[in-house]
Each structure stands twice: as C-alpha cells, then as structure tokens.
Amino acid sequence: MFDSLSEKFSSLFSSLTSSGKMTEKNVEDILNQVRDALFDADVPYDVVHAFLQEIKGDVIGKKIFSSLRPSELFMKVVHDRMSAFLGGQGTEAAFTFSIPSTIMVMGLQGAGKTTTVAKLAHFIKDQAAKRGKKRRILVASVDFNRPAAIDQLEIMAQKVGVDFYRSTKASGVEAARDIATYAQKNQYEITILDTAGRLHVDTGLLDELKKIDRIIAPKYTFLVLDAMIGQESIAVAQAFESEIGCTGGILTKLDSQVRSGVAFAFKYILKKPLFFMGTGEKIADFEQFRAERLTKRILGLGDIATLVERAEDKIKQSEQEALDKSLRSGKMTLEDFAQHITMVGKLGSLVDLAKYMPGMGRFQVTREKLEQGEHELKKFRAIMSSMTHKERVRHTILDASRKRRIAHGAGVQIGDIDSLLARFEQSHHLVKLFKKMGRF
Ligand SMILES: Nc1nc2c(ncn2[C@@H]2O[C@H](COP(=O)(O)OP(=O)(O)O)[C@@H](O)[C@H]2O)c(=O)[nH]1
Ligand SMILES: [Mg+2]
C-alpha cells in the first residue's frame with residue numbers, strides 16, 4: 001500500500017538526512033522531486049499544485065533556511081502538510097459508531113461495497129468484543145440488479161457471524177422500507193445496508209438511491225471507491241456527493257501495487273474525510289484510515305503506532321515497554337536486539353513486518369531476501385542464547401575467544417557471529433535515525 005510513493009519519499013528523505021544539505025539553491029530541485037513522486041502516484045494536477053503551494057508557503061514562512069537544520073524542518077513541513085491533506089486533525093483516535101445507527105454504503109459496481117459491508121460488520125463486532133460487549137448487528141441488501149448479489153452478502157454475513165435479512169419485496173425501494181421496519185422491530189443496534197451499483201454513474205441509479213436514502217435516513221453514508229480506478233473515481237465521488245451526500249469515503253483495493261493518488265485527492269476535492277481502507281479481499285483486510293500514521297508510512301518514518309497496536313495482542317506489556325524505551329532513548333543493546341528478534345517471531349513474518357519499519361521503504365526488499373532473513377534470524381537466536389548476560393549488554397567485550405566459545409555453543413561459524421554484530425550495528429543506526437525523526 002502506497003509502496004511506490006513511499007519508496008520515493010523515503011529515498012528523498014534519507015538523502016536529505018544523510019547529506020543534511022538543503023539550501024535555497026537546491027530547494028527547487030527537492031520540491032520537483034516531491035512533485036514528481038506525487039504525479040507518479042497519480043495524484044491529480046490541481047491537488048499536487050495546491051500541496052506544493054502549501055509547502056512553499058511554509059518553507060518561506062517558517063524561515064527554514066535560517067534554522068540550524070533546514071532539512072529536518074523541511075521534513076516536518078512535508079509531514080504536517082501531508083497529514084493535513086490526507087485527513088487533518090482528529091482522525092487518529094479509534095473510530096466508534098454511535099448506537100443505534102444505520103450505515104449505508106454506495107458506489108459503482110465492483111467498487112467493493114458488499115465486501116465492505118462485511119468488513120464493517122466485522123470491524124464493529126471486533127471492536128465491541130475487545131470491550132467485552134456484544135452488538136446486535138444486521139446486514140441487508142437492496143441490490144436487485146445482480147441476481148447473486150444478495151446471496152454473496154448472506155455468505156459473508158455467515159462468515160463474520162452477524163445477522164442477515166433477505167427482503168422478499170420486488171424492488172430496491174420497497175425492500176429498503178421492509179428492511180428498515182425489520183431492523184426496528186428487532187431492535188438492531190447497527191444496521192448496515194448494501195446497495196446496488198452500476199458500471200457508470202447514471203440518473204436511474206442516483207434516483208433510486210435518493211429514494212432509499214430518504215427511507216433509511218442513515219446516520220452514516222459511506223462512499224466506497226476503488227483505488228485502482230485512479231483519478232476517474234474522483235468524478236464518480238463528486239456525483240454521489242452532490243446527489244446523495246456522504247459522511248465520508250472508504251477506499252478499497254489499496255493493496256500494495258496500487259497508485260494511491262485518490263487518497264490525496266479525496267479530502268481536498270470533496271472536503272470530506274476518508275474513514276476506512278480495504279487492503280485485500282479477506283474480511284480482516286480493513287483498517288481505519290489514519291492520516292498521520294499513513295503519512296509516517298509514506299514518508300518512510302515507519303508506522304510504529306500500527307506496529308505497536310498489532311503487537312499489543314501478542315506481546316506481553318513489559319516486553320513492549322522495554323522496546324519502547326530502547327527505541328525512544330536511541331540506545332540499544334544486544335539484549336534489546338535479542339528481544340526484538342524474539343518479538344519478530346511472535347508477531348509474524350518479516351515479510352509482513354517490513355512495511356511498518358522505519359526506513360524500510362527505501363530498501364528494495366524482495367520476498368526471497370526476507371525469507372533468507374528469517375533463516376538468519378533462527379541462527380541469530382541460537383547465537384544470542386549462547387551468550388552471557390554481560391556479553392549481551394556490552395557487545396564490545398566480544399573478543400576472539402568469547403566468539404569461539406559462543407560459536408561452539410550455538411553450532412555456528414565465527415563468521416555468523418560477526419554478521420550478527422554487523423546487523424545489530426545496522427539496526428542500531430535505524431533506531432537512531434528513528435529517534436531523530438521522532439522529534440517531530
Ligand atoms: N484486493 C482487493 N479486492 C477487493 C477489496 N475489496 C473488494 N475486493 C474485491 O473486489 C471485487 C468486487 O467486490 P464487491 O464487494 O462484490 O463489489 P460491489 O459490486 O461494489 O459490491 C470482489 O472480487 C472483491 O473480493 C480490497 O480491499 N482489496
Ligand atoms: Mg455488491
């Protein structure tokens with residue numbers, strides 16, 4: 001997700017941090033690189049232009065060239081403006097739906113509406129379960145355009161484990177009335193309504209939706225947009241917004257290869273936020289759209305917050321605090337490194353983790369490399385467990401005789417120990433880099 005954009009920004013930023021040279025002379029060149037990265041990601045021209053104007057305004061207004069660290073300040077400017085562009089303030093907290101409420105999704109055929117209904121139901125159910133609650137959730141459909149559309153929803157509802165209702169009425173509008181009555185009578189706390197789409201926006205579709213919208217009076221109306229369609233989907237969004245109106249958007253198919261321009265354009269053009277994003281076909285491939293976290297991911301500052309959230313379920317609190325501490329202090333010992341390695345084992349594969357790590361975007365990491373890395377990790381774990389506590393806290397004491405002892409104990413070569421130490425130095429460097437960025 002956002003991979004190509006992320007690669008470009010991470011490499012631009014890392015060249016800025018390593019050379020540290022940003023001057024009035026090369027600022028145009030750096031801004032051009034920002035512009036090209038955005039164009040490549042299919043961000044519409046007007047949006048790129050507006051974004052660059054804001055950046056330029058800040059570069060001048062904040063007098064970054066008279067500061068001690070122009071490049072760091074520049075990165076902060078880009079970071080702040082980008083997160084404002086993507087979502088603005090207040091979209092970072094976990095989003096909760098008010099109870100009771102009805103949610104309606106709308107969008108073109110194939111945008112991912114039905115899948116999104118199931119994902120939303122799963123999201124709400126899961127969120128409630130985490131707080132020890134059980135919500136009464138109903139999903140239903142008024143999509144009479146495609147014969148199998150309603151069956152598809154029924155199957156997904158079963159998978160998620162929420163209630164499903166099939167109206168036997170003959171049209172979408174009558175079914176909407178029927179579903180509203182059914183939901184009220186059975187006191188559902190959350191009702192999610194799937195609607196019909198067309199291949200293109202047409203008046204027939206919008207007229208029917210308008211009627212359904214009036215009958216259902218949803219508290220939340222989400223516009224579901226396929227990110228793969230690119231800029232064209234913005235025109236679609238405008239048509240829905242002006243005829244029906246929406247609470248905000250949900251972007252689907254933001255899987256890794258997609259150009260992400262729509263995410264930039266959505267809020268700027270519609271003046272409405274994006275709420276969620278679909279990142280795959282599975283029910284759980286769904287995330288709340290958090291502008292600031294995404295910005296950090298795009299800029300290669302690493303999405304530590306998401307990583308930590310994922311980790312919470314799997315790692316004991318104390319271990320996590322130790323990680324936080326070592327990350328924040330910018331100091332890391334082999335002992336911490338050993339802990340990281342153990343955590344990686346608990347969290348899942350390196351392949352998954354790579355995209356959350358600071359600075360990873362700028363390395364071209366292939367799956368094979370990562371798998372090779374997993375193999376190495378196993379070796380590293382063995383080495384680490386043959387070390388004494390003292391050696392782990394102060395790795396500089398590792399001389400030839402200690403290394404020989406460890407190699408013997410772990411059943412590895414001395415070279416393996418040296419490559420572990422080299423790797424440790426590398427990630428130590430990343431942690432320091434992160435700390436520097438973390439000053440934002
Ligand atoms: N890769 C990917 N596929 C998705 C995502 N959301 C939906 N799809 C797929 O897109 C296709 C159309 O989805 P569907 O929910 O039936 O769209 P609808 O016509 O708007 O109801 C299906 O094959 C879904 O599996 C997503 O976030 N990522
Ligand atoms: Mg559908």
# chains A, B, ... in the order shown; residues from 1 in each chain; ligands from 1
$ residues_near_ligand --ligand "ligand 2" --cutoff "9 Å" --atoms "only C-alpha atoms and all ligand atoms" --output "list in words"
Gln109, Gly110, Ala111, Gly112, Lys113, Thr114, Thr115, Ser141, Asp143, Arg146, Ala148, Ala149, Ile150, Gln152, Leu153, Asp194, Thr195, Ala196 and Gly197 of chain A
$ write_last_selection --atoms "N, CA and C atoms" --output "PDB file, in the first residue's frame"
ATOM      1  N   GLN A 109     -20.562  -0.387  -9.361  1.00  0.00           N
ATOM      2  CA  GLN A 109     -20.479  -1.847  -9.355  1.00  0.00           C
ATOM      3  C   GLN A 109     -19.016  -2.291  -9.328  1.00  0.00           C
ATOM      4  N   GLY A 110     -18.734  -3.224  -8.453  1.00  0.00           N
ATOM      5  CA  GLY A 110     -17.376  -3.746  -8.366  1.00  0.00           C
ATOM      6  C   GLY A 110     -16.443  -2.917  -7.496  1.00  0.00           C
ATOM      7  N   ALA A 111     -16.965  -1.835  -6.916  1.00  0.00           N
ATOM      8  CA  ALA A 111     -16.119  -0.973  -6.085  1.00  0.00           C
ATOM      9  C   ALA A 111     -15.690  -1.690  -4.810  1.00  0.00           C
ATOM     10  N   GLY A 112     -16.504  -2.655  -4.413  1.00  0.00           N
ATOM     11  CA  GLY A 112     -16.187  -3.381  -3.174  1.00  0.00           C
ATOM     12  C   GLY A 112     -17.207  -3.121  -2.078  1.00  0.00           C
ATOM     13  N   LYS A 113     -18.431  -2.713  -2.451  1.00  0.00           N
ATOM     14  CA  LYS A 113     -19.459  -2.382  -1.449  1.00  0.00           C
ATOM     15  C   LYS A 113     -19.827  -3.573  -0.568  1.00  0.00           C
ATOM     16  N   THR A 114     -20.150  -4.692  -1.226  1.00  0.00           N
ATOM     17  CA  THR A 114     -20.624  -5.845  -0.460  1.00  0.00           C
ATOM     18  C   THR A 114     -19.524  -6.338   0.489  1.00  0.00           C
ATOM     19  N   THR A 115     -18.323  -6.414  -0.048  1.00  0.00           N
ATOM     20  CA  THR A 115     -17.185  -6.811   0.793  1.00  0.00           C
ATOM     21  C   THR A 115     -17.023  -5.837   1.960  1.00  0.00           C
ATOM     22  N   SER A 141     -29.423  -6.154   2.095  1.00  0.00           N
ATOM     23  CA  SER A 141     -29.074  -5.597   0.794  1.00  0.00           C
ATOM     24  C   SER A 141     -30.311  -5.175   0.011  1.00  0.00           C
ATOM     25  N   ASP A 143     -29.746  -4.624  -3.293  1.00  0.00           N
ATOM     26  CA  ASP A 143     -29.176  -4.759  -4.635  1.00  0.00           C
ATOM     27  C   ASP A 143     -29.933  -5.807  -5.438  1.00  0.00           C
ATOM     28  N   ARG A 146     -28.077  -7.398  -9.589  1.00  0.00           N
ATOM     29  CA  ARG A 146     -27.354  -8.612  -9.933  1.00  0.00           C
ATOM     30  C   ARG A 146     -27.945  -9.744  -9.119  1.00  0.00           C
ATOM     31  N   ALA A 148     -26.997 -12.609  -8.000  1.00  0.00           N
ATOM     32  CA  ALA A 148     -26.290 -13.287  -6.914  1.00  0.00           C
ATOM     33  C   ALA A 148     -25.799 -12.336  -5.827  1.00  0.00           C
ATOM     34  N   ALA A 149     -26.076 -11.034  -6.003  1.00  0.00           N
ATOM     35  CA  ALA A 149     -25.507 -10.036  -5.088  1.00  0.00           C
ATOM     36  C   ALA A 149     -25.943 -10.260  -3.647  1.00  0.00           C
ATOM     37  N   ILE A 150     -27.233 -10.605  -3.481  1.00  0.00           N
ATOM     38  CA  ILE A 150     -27.746 -10.760  -2.119  1.00  0.00           C
ATOM     39  C   ILE A 150     -27.233 -12.059  -1.487  1.00  0.00           C
ATOM     40  N   GLN A 152     -24.364 -13.335  -2.073  1.00  0.00           N
ATOM     41  CA  GLN A 152     -22.965 -13.026  -1.712  1.00  0.00           C
ATOM     42  C   GLN A 152     -22.911 -12.416  -0.307  1.00  0.00           C
ATOM     43  N   LEU A 153     -23.833 -11.494  -0.038  1.00  0.00           N
ATOM     44  CA  LEU A 153     -23.849 -10.849   1.276  1.00  0.00           C
ATOM     45  C   LEU A 153     -24.214 -11.863   2.363  1.00  0.00           C
ATOM     46  N   ASP A 194     -26.390  -2.653   2.172  1.00  0.00           N
ATOM     47  CA  ASP A 194     -25.643  -2.756   0.917  1.00  0.00           C
ATOM     48  C   ASP A 194     -26.562  -2.275  -0.206  1.00  0.00           C
ATOM     49  N   THR A 195     -26.020  -1.530  -1.143  1.00  0.00           N
ATOM     50  CA  THR A 195     -26.869  -1.017  -2.222  1.00  0.00           C
ATOM     51  C   THR A 195     -26.350  -1.474  -3.589  1.00  0.00           C
ATOM     52  N   ALA A 196     -27.165  -1.219  -4.602  1.00  0.00           N
ATOM     53  CA  ALA A 196     -26.796  -1.636  -5.952  1.00  0.00           C
ATOM     54  C   ALA A 196     -25.852  -0.616  -6.569  1.00  0.00           C
ATOM     55  N   GLY A 197     -24.972  -1.080  -7.437  1.00  0.00           N
ATOM     56  CA  GLY A 197     -24.110  -0.149  -8.170  1.00  0.00           C
ATOM     57  C   GLY A 197     -24.349  -0.336  -9.658  1.00  0.00           C
TER      58      GLY A 197
END
$ residues_around --residues "Ile55 (chain A)" --least-positions-apart "6" --cutoff "8 Å" --atoms "only C-alpha atoms" --output "VMD selection string"
chain A and resid 77 to 78 81
$ closest_residue --among "A:Ile155, A:Val173, A:Leu108, A:Ala382" --to "ligand 1" --atoms "only C-alpha atoms and all ligand atoms"
A:Leu108
$ closest_residue --among "A:Phe39, A:Phe74, A:Phe85, A:Phe9" --to "Ile269 (chain A)" --atoms "only C-alpha atoms"
A:Phe85
$ residues_around --residues "Gly409 (chain A)" --least-positions-apart "2" --cutoff "10 Å" --atoms "only C-alpha atoms" --output "list of chain:residue names"
A:Ala382, A:Ile383, A:Ser385, A:Ser386, A:Met387, A:Lys403, A:Arg404, A:Arg405, A:Ile406, A:Ala407, A:Gly411, A:Val412
